[in-house]
Amino acid sequence: MTPVEQTPFRFRIERRGVMRVPGVVFATRELLPQAAGDMALEQVANVAALPGIVRASYAMPDVHWGYGFPIGGVAATDVDAGGVISPGGVGFDISCGVRLLAADTDRGRFSPRLRTLMDILGDTIPRGVGRGGLWKLAGRSQMEKLLTGGAEYAVERGHGVPRDLVRCEDHGALPEADPSQVGQRAVDRGLQQVGSLGAGNHFLEVQAVDEVYDTDTAAAFGLRPGQVCVMIHCGSRGLGHQVCTDHVRVMDHSLRAYGISVPDRQLACAPVVSPPGRDYLGAMAAAANYGRANRQLLTQAARHAFATAAGVGLDLVYDVSHNTAKIETHDVDGVPRRLCVHRKGATLALPPGHPNLPEDLTEAGQPVLVPGTMGTASYVMVGTPENDAFLSACHGAGRVWSRHQALRRVRGEQLRGEMEAHGIAVRPSSWRGLAEETPDAYKDIDTVAAATEGAGLARLVVRLVPLGVVKG
DNA sequence: ATGTGC
């Protein structure tokens, strides 16, 4: 698969075979997936075969191989023209996402309290595979309230302040959630996990603003040089995973009934306007709300730790989901169409003036949160009007080594030692998990962020560097 | 990503 270079930041995969639209990869030549056996670009082409897909099958600069769809992929289908929805286009970790909190202190003033803070965070942030969370729900009926209300329900129950919700995508809750489509097994897995990081690339990081590229926009986001921040990256845990599993199975069986053929079974899908499509959309939105409530609970734990360690408060800058399918209206060939926009490892990036922005960010635009790899920088970017990918941007660095490869090359104990030697406090949940997340296993985040700006997807606002990592 | 896998 060799895409054609159109600009230094935009590559095109021409239509052929069953593709209904071309593929467009926003990347530099060096960021294109190149590892032997990495099928990400083939996946971009496969996605272009989905019924109802419009304009192009897109990939962000952090694109890499995923389940059916590439991670870092964006695909929109026309809801009113037989367009499909696919669980593989959202991913197993539904509404995995990132939130950024800004502390009312700066790096120099805070540094004497950092170690104490990290110890408290290390003791109080639930993390690791299969373990429990901060908020045990009473049973299915309370779970249904959470699946409907998302972060709003968490705040209503005292886990946060109303201002938090203003700074959450969709005010913290997708309205199309249908808890009745979340199976009992998914509910059971989720009851004990609200307020937990999970594992893999999930983390809670204490960071500092290292560089400011756009002072006015940074100020509008509440960010200034040297400021201490907290970045939380987590998803919908076992509940989201089970929702994906359950609905992939249903759609795999219903493909024939809708006369859909896809080049890869992992692209199982159904028309958005069909019982399996509607059911998945409702279950996916419910799981997304679970992910948002999860980040809200972890926010409260971070606030408690900062208050205890240093008497410092934390304000929410923004919360974005980067694994979703959402019904949005966009122009296609100059005509507004209702589209089902799949963003898998890609975030929404609203430009200045967009009606869905919180009032106090209307002039500035949406904060686009781009977490780096453990021990490396992270970025806050902002949406731009010239975004050509249904207002989507990258979601992080993007893997280049498999977990298996990382384990062969790196030892967790040694990695922690190296990070501590660089002045970054590390509180891991397992040595193996730490080794799998070695920065060497990922693309360089500085390059990815620069390519995202070069492609016109979003603009750089600030660069953050880690002071301490609580690892899932 | 995931009570980690054909």
# chains A, B, ... in the order shown; residues from 1 in each chain; ligands from 1
>>> interface_residues(of="chain A", to="chain B", cutoff="12 Å", atoms="only C-alpha atoms (C1' of nucleotides)", output="number ranges by chain")
A: 66-67, 71, 90-97, 128-132, 185-186, 188-190, 192-193, 197-202, 234-245, 323, 345, 403, 433, 472
>>> residues_around(residues="range 374-390 of chain A", least_positions_apart="4", cutoff="6 Å", atoms="only C-alpha atoms (C1' of nucleotides)", output="list in words")
Ala349, Leu350, Pro351, Gly365, Gln366, Pro367, Val368, Leu369, Val370, Gly456, Leu457, Ala458, Arg459, Leu460, Val461, Val462, Arg463, Leu464 and Val465 of chain A
>>> select_by_dssp(residues="range 264-352 of chain A", states="helix (DSSP H, G or I)", output="PyMOL selection string")
chain A and resi 265-267+275-310
>>> residues_around(residues="Pro358 in chain A", least_positions_apart="6", cutoff="9 Å", atoms="only C-alpha atoms (C1' of nucleotides)", output="list in words")
Val166, Arg167, Cys168, Glu169, His171 and Gln366 of chain A
>>> atom_distance(atom1="CA of Cys269 in chain A", atom2="CA of Pro179 in chain A")
20.1 Å
>>> atom_distance(atom1="CA of Asp178 in chain A", atom2="CA of Lys136 in chain A")
21.2 Å
>>> residues_around(residues="range 111-123 of chain A", least_positions_apart="5", cutoff="6 Å", atoms="only C-alpha atoms (C1' of nucleotides)", output="count of residues only")
3
>>> residues_around(residues="Trp135 in chain A", least_positions_apart="6", cutoff="10 Å", atoms="only C-alpha atoms (C1' of nucleotides)", output="ChimeraX atom specification")
/A:154,159,191-196,294,297
>>> write_last_selection(atoms="all heavy atoms", output="PDB file, in the first residue's frame")
ATOM      1  N   ALA A 154     -22.671  12.080  37.955  1.00  0.00           N
ATOM      2  CA  ALA A 154     -21.609  12.071  38.968  1.00  0.00           C
ATOM      3  C   ALA A 154     -21.606  13.391  39.743  1.00  0.00           C
ATOM      4  O   ALA A 154     -21.522  13.402  40.981  1.00  0.00           O
ATOM      5  CB  ALA A 154     -20.247  11.828  38.304  1.00  0.00           C
ATOM      6  N   HIS A 159     -19.946  14.385  43.128  1.00  0.00           N
ATOM      7  CA  HIS A 159     -18.585  14.107  42.661  1.00  0.00           C
ATOM      8  C   HIS A 159     -18.126  15.167  41.655  1.00  0.00           C
ATOM      9  O   HIS A 159     -17.870  14.858  40.489  1.00  0.00           O
ATOM     10  CB  HIS A 159     -18.513  12.713  42.034  1.00  0.00           C
ATOM     11  CG  HIS A 159     -18.970  11.618  42.946  1.00  0.00           C
ATOM     12  ND1 HIS A 159     -18.282  11.269  44.092  1.00  0.00           N
ATOM     13  CD2 HIS A 159     -20.060  10.810  42.915  1.00  0.00           C
ATOM     14  CE1 HIS A 159     -18.913  10.286  44.705  1.00  0.00           C
ATOM     15  NE2 HIS A 159     -20.001   9.992  44.012  1.00  0.00           N
ATOM     16  N   LEU A 191     -20.049  -2.295  37.502  1.00  0.00           N
ATOM     17  CA  LEU A 191     -20.574  -1.819  38.790  1.00  0.00           C
ATOM     18  C   LEU A 191     -19.481  -1.365  39.752  1.00  0.00           C
ATOM     19  O   LEU A 191     -19.665  -0.412  40.508  1.00  0.00           O
ATOM     20  CB  LEU A 191     -21.414  -2.922  39.460  1.00  0.00           C
ATOM     21  CG  LEU A 191     -22.821  -3.139  38.878  1.00  0.00           C
ATOM     22  CD1 LEU A 191     -23.461  -4.368  39.511  1.00  0.00           C
ATOM     23  CD2 LEU A 191     -23.695  -1.907  39.077  1.00  0.00           C
ATOM     24  N   GLN A 192     -18.349  -2.075  39.738  1.00  0.00           N
ATOM     25  CA  GLN A 192     -17.305  -1.804  40.731  1.00  0.00           C
ATOM     26  C   GLN A 192     -16.154  -0.960  40.181  1.00  0.00           C
ATOM     27  O   GLN A 192     -15.151  -0.799  40.851  1.00  0.00           O
ATOM     28  CB  GLN A 192     -16.716  -3.138  41.216  1.00  0.00           C
ATOM     29  CG  GLN A 192     -17.736  -4.163  41.656  1.00  0.00           C
ATOM     30  CD  GLN A 192     -18.285  -3.868  43.029  1.00  0.00           C
ATOM     31  OE1 GLN A 192     -17.525  -3.594  43.950  1.00  0.00           O
ATOM     32  NE2 GLN A 192     -19.603  -3.880  43.168  1.00  0.00           N
ATOM     33  N   GLN A 193     -16.276  -0.479  38.919  1.00  0.00           N
ATOM     34  CA  GLN A 193     -15.089   0.120  38.288  1.00  0.00           C
ATOM     35  C   GLN A 193     -15.191   1.614  38.018  1.00  0.00           C
ATOM     36  O   GLN A 193     -14.302   2.183  37.368  1.00  0.00           O
ATOM     37  CB  GLN A 193     -14.772  -0.625  36.984  1.00  0.00           C
ATOM     38  CG  GLN A 193     -14.372  -2.082  37.208  1.00  0.00           C
ATOM     39  CD  GLN A 193     -13.922  -2.771  35.943  1.00  0.00           C
ATOM     40  OE1 GLN A 193     -14.468  -2.547  34.868  1.00  0.00           O
ATOM     41  NE2 GLN A 193     -12.910  -3.615  36.053  1.00  0.00           N
ATOM     42  N   VAL A 194     -16.261   2.269  38.485  1.00  0.00           N
ATOM     43  CA  VAL A 194     -16.366   3.718  38.241  1.00  0.00           C
ATOM     44  C   VAL A 194     -15.312   4.426  39.099  1.00  0.00           C
ATOM     45  O   VAL A 194     -15.286   4.250  40.317  1.00  0.00           O
ATOM     46  CB  VAL A 194     -17.769   4.264  38.591  1.00  0.00           C
ATOM     47  CG1 VAL A 194     -17.877   5.720  38.147  1.00  0.00           C
ATOM     48  CG2 VAL A 194     -18.849   3.436  37.945  1.00  0.00           C
ATOM     49  N   GLY A 195     -14.469   5.196  38.463  1.00  0.00           N
ATOM     50  CA  GLY A 195     -13.374   5.835  39.194  1.00  0.00           C
ATOM     51  C   GLY A 195     -12.167   4.928  39.251  1.00  0.00           C
ATOM     52  O   GLY A 195     -11.654   4.610  40.326  1.00  0.00           O
ATOM     53  N   SER A 196     -11.689   4.473  38.089  1.00  0.00           N
ATOM     54  CA  SER A 196     -10.475   3.644  38.027  1.00  0.00           C
ATOM     55  C   SER A 196      -9.816   3.857  36.667  1.00  0.00           C
ATOM     56  O   SER A 196     -10.489   4.027  35.661  1.00  0.00           O
ATOM     57  CB  SER A 196     -10.818   2.163  38.228  1.00  0.00           C
ATOM     58  OG  SER A 196     -11.624   1.678  37.172  1.00  0.00           O
ATOM     59  N   ASN A 294     -16.402   8.164  34.752  1.00  0.00           N
ATOM     60  CA  ASN A 294     -15.152   7.614  35.277  1.00  0.00           C
ATOM     61  C   ASN A 294     -14.106   8.722  35.428  1.00  0.00           C
ATOM     62  O   ASN A 294     -13.479   8.865  36.477  1.00  0.00           O
ATOM     63  CB  ASN A 294     -14.655   6.515  34.322  1.00  0.00           C
ATOM     64  CG  ASN A 294     -13.508   5.720  34.892  1.00  0.00           C
ATOM     65  OD1 ASN A 294     -13.295   5.691  36.109  1.00  0.00           O
ATOM     66  ND2 ASN A 294     -12.748   5.075  34.030  1.00  0.00           N
ATOM     67  N   LEU A 297     -14.907  11.023  38.394  1.00  0.00           N
ATOM     68  CA  LEU A 297     -14.547  10.487  39.719  1.00  0.00           C
ATOM     69  C   LEU A 297     -13.045  10.614  39.971  1.00  0.00           C
ATOM     70  O   LEU A 297     -12.611  10.952  41.083  1.00  0.00           O
ATOM     71  CB  LEU A 297     -14.983   9.026  39.818  1.00  0.00           C
ATOM     72  CG  LEU A 297     -16.352   8.731  40.423  1.00  0.00           C
ATOM     73  CD1 LEU A 297     -16.332   8.999  41.938  1.00  0.00           C
ATOM     74  CD2 LEU A 297     -17.461   9.563  39.799  1.00  0.00           C
TER      75      LEU A 297
END
>>> select_by_dssp(residues="range 128-315 of chain A", states="strand (DSSP E or B)", output="list in words")
Trp135, Cys168, Val194, Phe203, Leu204, Glu205, Val206, Gln207, Ala208, Val209, Asp210, Glu211, Val212, Gln227, Val228, Cys229, Val230, Met231, Ile232, His233, Cys234, Ala270, Pro271, Leu314 and Asp315 of chain A
>>> write_last_selection(atoms="N, CA and C atoms", output="mmCIF file, in the first residue's frame")
data_model
loop_
_atom_site.group_PDB
_atom_site.id
_atom_site.type_symbol
_atom_site.label_atom_id
_atom_site.label_comp_id
_atom_site.auth_asym_id
_atom_site.auth_seq_id
_atom_site.Cartn_x
_atom_site.Cartn_y
_atom_site.Cartn_z
ATOM 1 N N TRP A 135 -16.139 4.388 43.252
ATOM 2 C CA TRP A 135 -17.579 4.519 43.499
ATOM 3 C C TRP A 135 -18.259 3.198 43.181
ATOM 4 N N CYS A 168 -17.002 19.957 29.651
ATOM 5 C CA CYS A 168 -17.011 18.589 29.110
ATOM 6 C C CYS A 168 -17.668 18.589 27.740
ATOM 7 N N VAL A 194 -16.261 2.269 38.485
ATOM 8 C CA VAL A 194 -16.366 3.718 38.241
ATOM 9 C C VAL A 194 -15.312 4.426 39.099
ATOM 10 N N PHE A 203 -3.388 6.629 32.164
ATOM 11 C CA PHE A 203 -2.532 7.219 33.194
ATOM 12 C C PHE A 203 -3.199 8.422 33.831
ATOM 13 N N LEU A 204 -2.668 8.818 34.961
ATOM 14 C CA LEU A 204 -2.937 10.130 35.543
ATOM 15 C C LEU A 204 -1.569 10.769 35.714
ATOM 16 N N GLU A 205 -1.372 11.910 35.094
ATOM 17 C CA GLU A 205 -0.054 12.529 35.094
ATOM 18 C C GLU A 205 -0.118 13.921 35.700
ATOM 19 N N VAL A 206 0.877 14.248 36.517
ATOM 20 C CA VAL A 206 1.063 15.627 36.977
ATOM 21 C C VAL A 206 2.049 16.250 35.995
ATOM 22 N N GLN A 207 1.666 17.388 35.434
ATOM 23 C CA GLN A 207 2.462 17.997 34.364
ATOM 24 C C GLN A 207 2.692 19.476 34.670
ATOM 25 N N ALA A 208 3.572 20.094 33.894
ATOM 26 C CA ALA A 208 3.756 21.544 33.969
ATOM 27 C C ALA A 208 3.771 22.122 32.559
ATOM 28 N N VAL A 209 3.216 23.323 32.412
ATOM 29 C CA VAL A 209 3.242 24.011 31.118
ATOM 30 C C VAL A 209 4.688 24.415 30.840
ATOM 31 N N ASP A 210 5.229 23.873 29.743
ATOM 32 C CA ASP A 210 6.639 24.017 29.425
ATOM 33 C C ASP A 210 6.852 25.109 28.380
ATOM 34 N N GLU A 211 5.889 25.238 27.489
ATOM 35 C CA GLU A 211 6.021 26.213 26.412
ATOM 36 C C GLU A 211 4.623 26.687 26.015
ATOM 37 N N VAL A 212 4.508 27.972 25.693
ATOM 38 C CA VAL A 212 3.229 28.521 25.236
ATOM 39 C C VAL A 212 3.428 29.056 23.824
ATOM 40 N N GLN A 227 2.690 26.609 34.821
ATOM 41 C CA GLN A 227 1.553 26.149 35.608
ATOM 42 C C GLN A 227 1.539 24.624 35.774
ATOM 43 N N VAL A 228 1.166 24.193 36.971
ATOM 44 C CA VAL A 228 1.008 22.750 37.220
ATOM 45 C C VAL A 228 -0.362 22.305 36.708
ATOM 46 N N CYS A 229 -0.417 21.150 36.052
ATOM 47 C CA CYS A 229 -1.665 20.598 35.506
ATOM 48 C C CYS A 229 -1.770 19.121 35.850
ATOM 49 N N VAL A 230 -2.952 18.575 35.652
ATOM 50 C CA VAL A 230 -3.152 17.130 35.774
ATOM 51 C C VAL A 230 -3.841 16.647 34.510
ATOM 52 N N MET A 231 -3.299 15.600 33.909
ATOM 53 C CA MET A 231 -3.943 15.004 32.737
ATOM 54 C C MET A 231 -4.390 13.597 33.100
ATOM 55 N N ILE A 232 -5.659 13.304 32.810
ATOM 56 C CA ILE A 232 -6.228 11.996 33.116
ATOM 57 C C ILE A 232 -6.630 11.323 31.808
ATOM 58 N N HIS A 233 -6.122 10.133 31.568
ATOM 59 C CA HIS A 233 -6.431 9.385 30.351
ATOM 60 C C HIS A 233 -7.001 8.030 30.748
ATOM 61 N N CYS A 234 -8.289 7.821 30.508
ATOM 62 C CA CYS A 234 -8.893 6.521 30.805
ATOM 63 C C CYS A 234 -10.189 6.371 30.030
ATOM 64 N N ALA A 270 -24.023 -2.146 10.704
ATOM 65 C CA ALA A 270 -25.434 -2.187 10.309
ATOM 66 C C ALA A 270 -25.858 -0.758 10.001
ATOM 67 N N PRO A 271 -26.897 -0.593 9.168
ATOM 68 C CA PRO A 271 -27.357 0.772 8.918
ATOM 69 C C PRO A 271 -27.658 1.479 10.239
ATOM 70 N N LEU A 314 -7.984 22.545 41.696
ATOM 71 C CA LEU A 314 -7.867 22.151 40.283
ATOM 72 C C LEU A 314 -9.135 22.532 39.519
ATOM 73 N N ASP A 315 -8.962 23.267 38.404
ATOM 74 C CA ASP A 315 -10.088 23.618 37.532
ATOM 75 C C ASP A 315 -10.041 22.769 36.274
#
>>> residues_around(residues="Ala45 in chain A", least_positions_apart="2", cutoff="12 Å", atoms="only C-alpha atoms (C1' of nucleotides)", output="MDAnalysis selection string")
chainID A and resid 1:3 12:25 39:43 47:50 53 56:59 68:70 73:75 262:264 267
>>> write_last_selection(atoms="N, CA and C atoms", output="short mmCIF file (atom, residue, chain, number, x, y, z; two decimals), in the first residue's frame")
data_model
loop_
_atom_site.label_atom_id
_atom_site.label_comp_id
_atom_site.auth_asym_id
_atom_site.auth_seq_id
_atom_site.Cartn_x
_atom_site.Cartn_y
_atom_site.Cartn_z
N MET A 1 0.86 -1.21 0.00
CA MET A 1 0.00 0.00 0.00
C MET A 1 0.88 1.25 0.00
N THR A 2 0.91 1.95 -1.11
CA THR A 2 1.74 3.17 -1.19
C THR A 2 0.86 4.38 -1.50
N PRO A 3 0.61 5.21 -0.51
CA PRO A 3 -0.21 6.39 -0.76
C PRO A 3 0.58 7.44 -1.55
N ARG A 12 -2.67 10.46 -0.20
CA ARG A 12 -3.94 9.99 -0.73
C ARG A 12 -3.84 8.53 -1.20
N ILE A 13 -4.85 7.75 -0.84
CA ILE A 13 -4.95 6.38 -1.34
C ILE A 13 -6.08 6.40 -2.37
N GLU A 14 -5.73 6.21 -3.65
CA GLU A 14 -6.73 6.32 -4.71
C GLU A 14 -7.78 5.23 -4.59
N ARG A 15 -9.00 5.55 -5.05
CA ARG A 15 -10.09 4.56 -5.08
C ARG A 15 -9.74 3.40 -5.99
N ARG A 16 -10.00 2.21 -5.50
CA ARG A 16 -9.91 1.04 -6.38
C ARG A 16 -10.68 -0.10 -5.74
N GLY A 17 -11.03 -1.09 -6.56
CA GLY A 17 -11.76 -2.24 -6.04
C GLY A 17 -13.06 -1.83 -5.37
N VAL A 18 -13.26 -2.30 -4.14
CA VAL A 18 -14.53 -2.07 -3.45
C VAL A 18 -14.59 -0.72 -2.73
N MET A 19 -13.53 0.07 -2.83
CA MET A 19 -13.54 1.39 -2.16
C MET A 19 -14.60 2.30 -2.79
N ARG A 20 -15.40 2.95 -1.94
CA ARG A 20 -16.42 3.88 -2.44
C ARG A 20 -15.90 5.31 -2.48
N VAL A 21 -14.88 5.57 -1.67
CA VAL A 21 -14.26 6.91 -1.60
C VAL A 21 -12.75 6.69 -1.48
N PRO A 22 -11.95 7.73 -1.70
CA PRO A 22 -10.51 7.56 -1.51
C PRO A 22 -10.13 7.52 -0.03
N GLY A 23 -8.89 7.19 0.26
CA GLY A 23 -8.34 7.32 1.60
C GLY A 23 -7.49 8.58 1.67
N VAL A 24 -7.52 9.26 2.79
CA VAL A 24 -6.67 10.43 2.99
C VAL A 24 -5.94 10.26 4.31
N VAL A 25 -4.63 10.28 4.27
CA VAL A 25 -3.81 10.12 5.49
C VAL A 25 -3.09 11.44 5.74
N MET A 39 -0.87 -3.20 9.25
CA MET A 39 -1.91 -3.17 8.22
C MET A 39 -2.74 -1.89 8.24
N ALA A 40 -2.25 -0.84 8.91
CA ALA A 40 -3.08 0.35 9.12
C ALA A 40 -3.55 0.98 7.80
N LEU A 41 -2.68 1.07 6.80
CA LEU A 41 -3.10 1.72 5.55
C LEU A 41 -4.08 0.85 4.77
N GLU A 42 -3.89 -0.48 4.82
CA GLU A 42 -4.89 -1.38 4.23
C GLU A 42 -6.24 -1.16 4.93
N GLN A 43 -6.18 -0.95 6.23
CA GLN A 43 -7.43 -0.72 6.97
C GLN A 43 -8.10 0.59 6.55
N VAL A 47 -11.94 0.57 5.16
CA VAL A 47 -13.01 1.41 5.72
C VAL A 47 -13.72 2.18 4.60
N ALA A 48 -12.97 2.51 3.54
CA ALA A 48 -13.54 3.26 2.41
C ALA A 48 -14.61 2.46 1.68
N ALA A 49 -14.74 1.17 2.00
CA ALA A 49 -15.75 0.32 1.35
C ALA A 49 -17.08 0.30 2.11
N LEU A 50 -17.16 0.97 3.24
CA LEU A 50 -18.38 0.89 4.06
C LEU A 50 -19.57 1.55 3.35
N ILE A 53 -20.42 5.66 3.20
CA ILE A 53 -19.30 6.52 3.59
C ILE A 53 -19.22 7.71 2.63
N ALA A 56 -14.22 10.73 2.28
CA ALA A 56 -12.98 9.95 2.30
C ALA A 56 -12.90 9.16 3.60
N SER A 57 -12.07 8.13 3.59
CA SER A 57 -11.68 7.43 4.81
C SER A 57 -10.41 8.11 5.29
N TYR A 58 -10.48 8.75 6.45
CA TYR A 58 -9.37 9.59 6.90
C TYR A 58 -8.50 8.89 7.95
N ALA A 59 -7.24 9.29 8.00
CA ALA A 59 -6.36 8.85 9.09
C ALA A 59 -5.55 10.04 9.59
N GLY A 68 -10.14 -3.94 12.88
CA GLY A 68 -10.96 -3.55 11.72
C GLY A 68 -10.59 -2.18 11.19
N PHE A 69 -10.95 -1.16 11.92
CA PHE A 69 -10.56 0.22 11.58
C PHE A 69 -9.18 0.51 12.17
N PRO A 70 -8.41 1.39 11.52
CA PRO A 70 -7.16 1.81 12.15
C PRO A 70 -7.45 2.70 13.36
N GLY A 73 -8.32 6.71 13.00
CA GLY A 73 -9.16 6.76 11.81
C GLY A 73 -10.43 7.57 12.03
N VAL A 74 -10.90 8.20 10.96
CA VAL A 74 -12.15 8.97 11.00
C VAL A 74 -12.96 8.60 9.76
N ALA A 75 -14.22 8.18 9.97
CA ALA A 75 -15.07 7.83 8.84
C ALA A 75 -16.49 8.30 9.12
N VAL A 262 -18.41 -6.60 3.55
CA VAL A 262 -17.26 -5.78 3.95
C VAL A 262 -15.99 -6.59 3.72
N PRO A 263 -14.88 -5.91 3.42
CA PRO A 263 -13.64 -6.62 3.10
C PRO A 263 -13.00 -7.31 4.31
N ASP A 264 -13.48 -7.03 5.51
CA ASP A 264 -12.89 -7.60 6.73
C ASP A 264 -14.04 -7.77 7.72
N LEU A 267 -15.03 -5.33 10.35
CA LEU A 267 -15.77 -4.10 10.02
C LEU A 267 -17.28 -4.33 10.16
#
>>> atom_distance(atom1="CA of Arg55 in chain A", atom2="CA of Ala76 in chain A")
8.1 Å
